[in-house]
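S.K.: Quick one: the structure is below, and I'll ask about it shortly.
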Amino acid sequence: MAGMQRTATEGRGPVRYGPPAPQPGLPVLPELVSVLAAAAGRAAPEPPGGGEAVREAACRHWGRRGLATPPENVAAGPGAPALLLALLGAYGGDVMLPRPCPAWWTPQVRLLGRRAYHVPTPAECGGVPDPYALLETVRRVRAEGGDPRVLLLSVADDPTATVPPPEMLREACEAAESAGLFVVSDESWRDTVHRPHDTLVLSPAEMLPEQAAVLIDLAGAMLPAGWPAAVVRFPDTPRGTWLRARTLDVLTATGAMVAGPVAGAAAHALDEPDAVAGRAYAAAALHGVVAAAAHRRLLEAGALARPPQAGRHLYVDLTPLRAGLARHGVGDAMELEDWLGGRLGAPTPGGQRFADELGALRVRLSTGPLLGATPQERLAALTARDPLALPHVRDSLELLGSVLAGLA
């Protein structure tokens, strides 16, 4: 899920390396280490698109979420960027994206020589474009000679840490269908929802079964980022079969195969045995508790942020503190990234990396650094009855509050 980001949001230009997705900061689950170690002697990579074991495990994973899937409609690759690049290369056309969006999405489009068009998100959430703005943007782009064919969206969003309400997701999907766009739904963060019993997460594949693909990067909730693996689900249609075949052609041409030992760990994780499911649930709950506490401190300091619902981060708007930031020479998101990151001692990528406006004082804050400075401290936070009572967690939150309080 690490990626790159260019500074402009439309047109063509150089690619800029950007921030990786927020990591959990927790030690690797011992059970997964054992699975990987047991397969370490396997020298051969998976075939292009993944072997039978990982594809069947992905089918069972989706089946538990209400998406019946045959193995022949699945492909695996070494991480979501490689899979998305192959899929977009196979499908063709320009791409519509929400603004803001994950830092690695836009460069995938640029590297293919395609145009990326960003559409504002609704006030309530990120991850999906405003449906009316989407239709108007598609109409304008086509009138100007563009060729939009794909809509990229996410049902649990990086960077905004929000989950689109079902009705909003449905409206976005209906707009995409009306505009003749194929939908690619990045659901890598779906299993990092902080309160799964209170937050309904739906997939565009449930609403547009013939016109939507689903992408999951296992680094979202299941595997460490250093073990790259991702899966994509294609529609069960002749066009879906054609798209999968062309995607496999690109994966073959680029040598984008999953490493054999990693494929074994990926299949194991996708089957969600108790240890894997329990770690994912506990980690999501921990990051949710810490994110909620950080959110309270942000609001107390006068900043703006949507309540975090998923992931390991918050997306913060410090525009109300512009005057205080100006005293420190901070006037845009790039300067804010450097200034705030230096004071917090942790990466705070600015909104310009997520296709947001450079002049908007927005940053993504990760909750991982708030859990402690060492794996031992972070593991202690995972097992604590009240992680906010731990001195190292409390100190991290107090530092965040004091830095922002000084801007009032």
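Chain lettering (A, B, ...) mirrors the order of the structure tokens, residue numbering begins at 1 for each chain separately, and ligand numbering begins at 1 in order of display.
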Can you tell me which residues surround Thr160 (chain A) at a distance of at most 8 Å, considering only C-alpha atoms, apart from same-chain residues fewer than 3 positions away, and format the answer as a list of chain:residue names?

M.R.: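 These residues fall inside the cut-off: A:Pro100, A:Cys125, A:Gly126, A:Gly127, A:Asp157, A:Arg306, A:Pro308, A:His313, A:Leu314, A:Tyr315, A:Arg364.
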
S.K.: Name the residues in contact with region 63-75 of chain A at a cut-off of 7 Å, using only C-alpha atoms, excluding same-chain residues fewer than 2 positions from it; report them as a PyMOL selection string.

M.R.: chain A and resi 49-50+55-56+59-61+77+231-236+241

S.K.: Please save C-alpha atoms of the selected residues as an mmCIF file, in the first residue's frame.

M.R.:
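This is the output file again28.cif:
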data_model
loop_
_atom_site.group_PDB
_atom_site.id
_atom_site.type_symbol
_atom_site.label_atom_id
_atom_site.label_comp_id
_atom_site.auth_asym_id
_atom_site.auth_seq_id
_atom_site.Cartn_x
_atom_site.Cartn_y
_atom_site.Cartn_z
ATOM 1 C CA GLY A 49 -2.488 -14.190 -10.784
ATOM 2 C CA GLY A 50 -1.772 -16.491 -7.866
ATOM 3 C CA ARG A 55 -7.331 -17.737 -4.752
ATOM 4 C CA GLU A 56 -9.606 -20.254 -3.047
ATOM 5 C CA CYS A 59 -13.096 -16.810 -2.312
ATOM 6 C CA ARG A 60 -13.875 -18.063 1.174
ATOM 7 C CA HIS A 61 -12.947 -14.640 2.576
ATOM 8 C CA GLY A 77 -0.418 -10.003 -6.906
ATOM 9 C CA VAL A 231 -6.180 -10.037 -4.276
ATOM 10 C CA VAL A 232 -8.741 -8.695 -6.722
ATOM 11 C CA ARG A 233 -12.226 -10.036 -7.476
ATOM 12 C CA PHE A 234 -13.561 -9.624 -11.023
ATOM 13 C CA PRO A 235 -17.229 -9.653 -12.068
ATOM 14 C CA ASP A 236 -18.627 -13.044 -13.050
ATOM 15 C CA THR A 241 -13.297 -12.927 -17.666
#

S.K.: Using only C-alpha atoms, which residues of region 38-125 of chain A come within 12 Å of region 169-176 of chain A, and what is the closest atom pair for each, with the distance in Å to one decimal? Give it as JSON lines, sorted by chain and residue number.

M.R.:
{"residue": "A:Val95", "atom": "CA", "partner": "A:Ala176", "partner_atom": "CA", "distance": 11.6}
{"residue": "A:Met96", "atom": "CA", "partner": "A:Ala176", "partner_atom": "CA", "distance": 9.7}
{"residue": "A:Leu97", "atom": "CA", "partner": "A:Ala176", "partner_atom": "CA", "distance": 11.4}
{"residue": "A:Pro98", "atom": "CA", "partner": "A:Ala172", "partner_atom": "CA", "distance": 10.6}
{"residue": "A:Val119", "atom": "CA", "partner": "A:Ala172", "partner_atom": "CA", "distance": 11.3}
{"residue": "A:Pro120", "atom": "CA", "partner": "A:Ala172", "partner_atom": "CA", "distance": 11.9}
{"residue": "A:Thr121", "atom": "CA", "partner": "A:Ala172", "partner_atom": "CA", "distance": 10.1}
{"residue": "A:Pro122", "atom": "CA", "partner": "A:Ala172", "partner_atom": "CA", "distance": 10.2}
{"residue": "A:Glu124", "atom": "CA", "partner": "A:Leu169", "partner_atom": "CA", "distance": 11.5}
{"residue": "A:Cys125", "atom": "CA", "partner": "A:Leu169", "partner_atom": "CA", "distance": 10.1}

S.K.: I need the chosen residues saved as a PDB file, in the first residue's frame, with N, CA and C atoms.

M.R.:
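Dumped everything to out.pdb:
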ATOM      1  N   VAL A  95      -9.391   7.923 -15.518  1.00  0.00           N
ATOM      2  CA  VAL A  95      -9.893   7.436 -14.236  1.00  0.00           C
ATOM      3  C   VAL A  95     -10.437   8.591 -13.409  1.00  0.00           C
ATOM      4  N   MET A  96     -11.599   8.368 -12.808  1.00  0.00           N
ATOM      5  CA  MET A  96     -12.203   9.306 -11.869  1.00  0.00           C
ATOM      6  C   MET A  96     -11.858   8.851 -10.451  1.00  0.00           C
ATOM      7  N   LEU A  97     -11.465   9.811  -9.603  1.00  0.00           N
ATOM      8  CA  LEU A  97     -11.094   9.501  -8.224  1.00  0.00           C
ATOM      9  C   LEU A  97     -11.710  10.534  -7.291  1.00  0.00           C
ATOM     10  N   PRO A  98     -11.987  10.136  -6.048  1.00  0.00           N
ATOM     11  CA  PRO A  98     -12.427  11.140  -5.069  1.00  0.00           C
ATOM     12  C   PRO A  98     -11.267  12.018  -4.653  1.00  0.00           C
ATOM     13  N   VAL A 119     -12.755  14.232  -8.009  1.00  0.00           N
ATOM     14  CA  VAL A 119     -14.093  14.757  -7.748  1.00  0.00           C
ATOM     15  C   VAL A 119     -14.251  14.959  -6.246  1.00  0.00           C
ATOM     16  N   PRO A 120     -14.786  16.090  -5.799  1.00  0.00           N
ATOM     17  CA  PRO A 120     -14.954  16.318  -4.355  1.00  0.00           C
ATOM     18  C   PRO A 120     -15.809  15.234  -3.706  1.00  0.00           C
ATOM     19  N   THR A 121     -15.513  14.944  -2.449  1.00  0.00           N
ATOM     20  CA  THR A 121     -16.307  13.992  -1.683  1.00  0.00           C
ATOM     21  C   THR A 121     -17.433  14.727  -0.956  1.00  0.00           C
ATOM     22  N   PRO A 122     -18.461  14.000  -0.512  1.00  0.00           N
ATOM     23  CA  PRO A 122     -19.522  14.641   0.267  1.00  0.00           C
ATOM     24  C   PRO A 122     -18.993  15.143   1.609  1.00  0.00           C
ATOM     25  N   GLU A 124     -20.139  14.423   4.459  1.00  0.00           N
ATOM     26  CA  GLU A 124     -20.282  13.418   5.505  1.00  0.00           C
ATOM     27  C   GLU A 124     -19.125  12.431   5.568  1.00  0.00           C
ATOM     28  N   CYS A 125     -18.433  12.213   4.459  1.00  0.00           N
ATOM     29  CA  CYS A 125     -17.431  11.145   4.440  1.00  0.00           C
ATOM     30  C   CYS A 125     -16.478  11.343   3.277  1.00  0.00           C
TER      31      CYS A 125
END

S.K.: Just to confirm, what's the straight-line distance from CA of Thr348 (chain A) to CA of Leu365 (chain A) in Å (one decimal)?

M.R.: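 About the pair CA of Thr348 (chain A) and CA of Leu365 (chain A): they are 5.4 Å apart.
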
S.K.: Extract the full set of alpha helix (DSSP H) residues from region 181-283 of chain A according to DSSP on the backbone, and format it as number ranges by chain.

M.R.: A: 204-207, 238-254, 260-270, 274-283

S.K.: Please return as a list in words: the residues of region 36-185 of chain A that backbone DSSP assigns to strand (DSSP E or B).

M.R.: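 Matching residues, listed in order: Gly49, Val74, Ala75, Ala76, Gly77, Asp94, Val95, Met96, Leu97, Pro98, Arg99, Ala116, Tyr117, His118, Val119, Pro120, Pro148, Arg149, Val150, Leu151, Leu152, Leu153, Ser154, Phe182, Val183, Val184 and Ser185 of chain A.
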
S.K.: Which neighbours of Pro369 (chain A) fall inside 9 Å, counting only C-alpha atoms, when residues of the same chain fewer than 3 positions from it are skipped, and could you give them as a PDB file with C-alpha atoms, in the first residue's frame?

M.R.:
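The resulting part-v2.pdb:
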ATOM      1  CA  PRO A  24      -0.147  -0.946  12.874  1.00  0.00           C
ATOM      2  CA  GLY A  25       3.196  -0.740  14.671  1.00  0.00           C
ATOM      3  CA  GLY A 345       8.431  13.326  15.854  1.00  0.00           C
ATOM      4  CA  ALA A 346       6.313  11.300  13.422  1.00  0.00           C
ATOM      5  CA  SER A 366      -1.229   8.187  12.161  1.00  0.00           C
ATOM      6  CA  GLY A 372       4.537   3.853  21.963  1.00  0.00           C
ATOM      7  CA  ALA A 373       8.092   4.029  20.686  1.00  0.00           C
ATOM      8  CA  ARG A 378       2.762  -1.071  21.449  1.00  0.00           C
ATOM      9  CA  SER A 396       1.883  10.931  23.182  1.00  0.00           C
TER      10      SER A 396
END

S.K.: Rank nothing, just name the residue among A:Gln23, A:Asp147, A:Pro165, A:Ala381 nearest to Arg394 (chain A), using only C-alpha atoms.

M.R.: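 The answer is A:Ala381, which sits nearest to Arg394 (chain A).
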
S.K.: A:Val330, A:Gly401, A:Leu248, A:Glu300: which is nearest Leu344 (chain A), counting only C-alpha atoms?

M.R.: A:Gly401

S.K.: Might you pull out every residue within 10 Å of Thr237 (chain A), with only C-alpha atoms counted and same-chain residues fewer than 4 positions away left off, and present them as a list in words?

M.R.: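 My list of contacting residues is Asn73, Pro209, Glu210, Gln211, Thr241, Trp242 and Leu243 of chain A.
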
S.K.: If we count only C-alpha atoms, what is near region 382-391 of chain A at a cut-off of 12 Å, once residues fewer than 2 positions away on the same chain are taken out, given as a ChimeraX atom specification?

M.R.: /A:24-27,278-294,368,370-373,375-380,393-398

S.K.: Would you mind telling me which residue in A:Ala143, A:Ala269, A:Leu87, A:Val201 lies nearest to Gly240 (chain A) when using only C-alpha atoms?

M.R.: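 Result for the nearest residue to Gly240 (chain A): A:Leu87.
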
S.K.: Ala44 (chain A): which residues within 12 Å, counting only C-alpha atoms, same-chain residues fewer than 5 positions away excluded, as a list in words?

M.R.: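 My list of contacting residues is Ala39, Gly50, Gly51, Met257, Val258, Ala259, Gly260, Pro261, Val262 and Ala263 of chain A.
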
S.K.: Go ahead and dump the residues you just picked, all heavy atoms, as a short mmCIF file (atom, residue, chain, number, x, y, z; two decimals), in the first residue's frame.

M.R.:
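part38.cif, freshly written:
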data_model
loop_
_atom_site.label_atom_id
_atom_site.label_comp_id
_atom_site.auth_asym_id
_atom_site.auth_seq_id
_atom_site.Cartn_x
_atom_site.Cartn_y
_atom_site.Cartn_z
N ALA A 39 7.21 -22.34 4.95
CA ALA A 39 7.24 -22.30 3.48
C ALA A 39 8.50 -21.64 2.94
O ALA A 39 8.63 -21.43 1.73
CB ALA A 39 6.01 -21.56 2.96
N GLY A 50 -1.66 -15.72 -9.10
CA GLY A 50 -1.77 -16.49 -7.87
C GLY A 50 -2.13 -17.94 -8.08
O GLY A 50 -2.83 -18.30 -9.02
N GLY A 51 -1.66 -18.81 -7.17
CA GLY A 51 -1.97 -20.22 -7.22
C GLY A 51 -3.36 -20.51 -6.68
O GLY A 51 -4.06 -19.64 -6.15
N MET A 257 4.59 -11.30 -9.52
CA MET A 257 4.08 -12.52 -8.92
C MET A 257 4.28 -12.49 -7.41
O MET A 257 5.25 -11.90 -6.91
CB MET A 257 4.80 -13.76 -9.49
CG MET A 257 4.43 -14.08 -10.92
SD MET A 257 5.42 -13.12 -12.07
CE MET A 257 5.25 -14.08 -13.58
N VAL A 258 3.39 -13.13 -6.69
CA VAL A 258 3.51 -13.23 -5.24
C VAL A 258 4.62 -14.24 -4.91
O VAL A 258 4.68 -15.32 -5.50
CB VAL A 258 2.19 -13.68 -4.60
CG1 VAL A 258 2.32 -13.71 -3.08
CG2 VAL A 258 1.05 -12.76 -5.02
N ALA A 259 5.48 -13.90 -3.98
CA ALA A 259 6.51 -14.84 -3.53
C ALA A 259 5.85 -16.06 -2.91
O ALA A 259 4.85 -15.94 -2.18
CB ALA A 259 7.43 -14.16 -2.51
N GLY A 260 6.41 -17.23 -3.17
CA GLY A 260 5.80 -18.46 -2.70
C GLY A 260 5.52 -18.51 -1.21
O GLY A 260 4.39 -18.80 -0.79
N PRO A 261 6.50 -18.23 -0.35
CA PRO A 261 6.23 -18.26 1.09
C PRO A 261 5.18 -17.24 1.52
O PRO A 261 4.36 -17.50 2.40
CB PRO A 261 7.60 -17.93 1.71
CG PRO A 261 8.58 -18.36 0.68
CD PRO A 261 7.94 -18.05 -0.64
N VAL A 262 5.20 -16.06 0.89
CA VAL A 262 4.20 -15.05 1.23
C VAL A 262 2.81 -15.51 0.83
O VAL A 262 1.82 -15.26 1.52
CB VAL A 262 4.54 -13.70 0.57
CG1 VAL A 262 3.42 -12.69 0.76
CG2 VAL A 262 5.84 -13.15 1.15
N ALA A 263 2.70 -16.21 -0.30
CA ALA A 263 1.40 -16.71 -0.74
C ALA A 263 0.81 -17.67 0.28
O ALA A 263 -0.40 -17.65 0.55
CB ALA A 263 1.53 -17.40 -2.10
#

S.K.: Counting only C-alpha atoms, which of A:Leu181, A:Ala57, A:Leu336, A:Ala80 gets nearest to Pro273 (chain A)?

M.R.: A:Ala57

S.K.: To one decimal place, how far is CA of Gln108 (chain A) from CA of Val184 (chain A) in Å?

M.R.: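 Interatomic distance, CA of Gln108 (chain A) to CA of Val184 (chain A): 13.3 Å.
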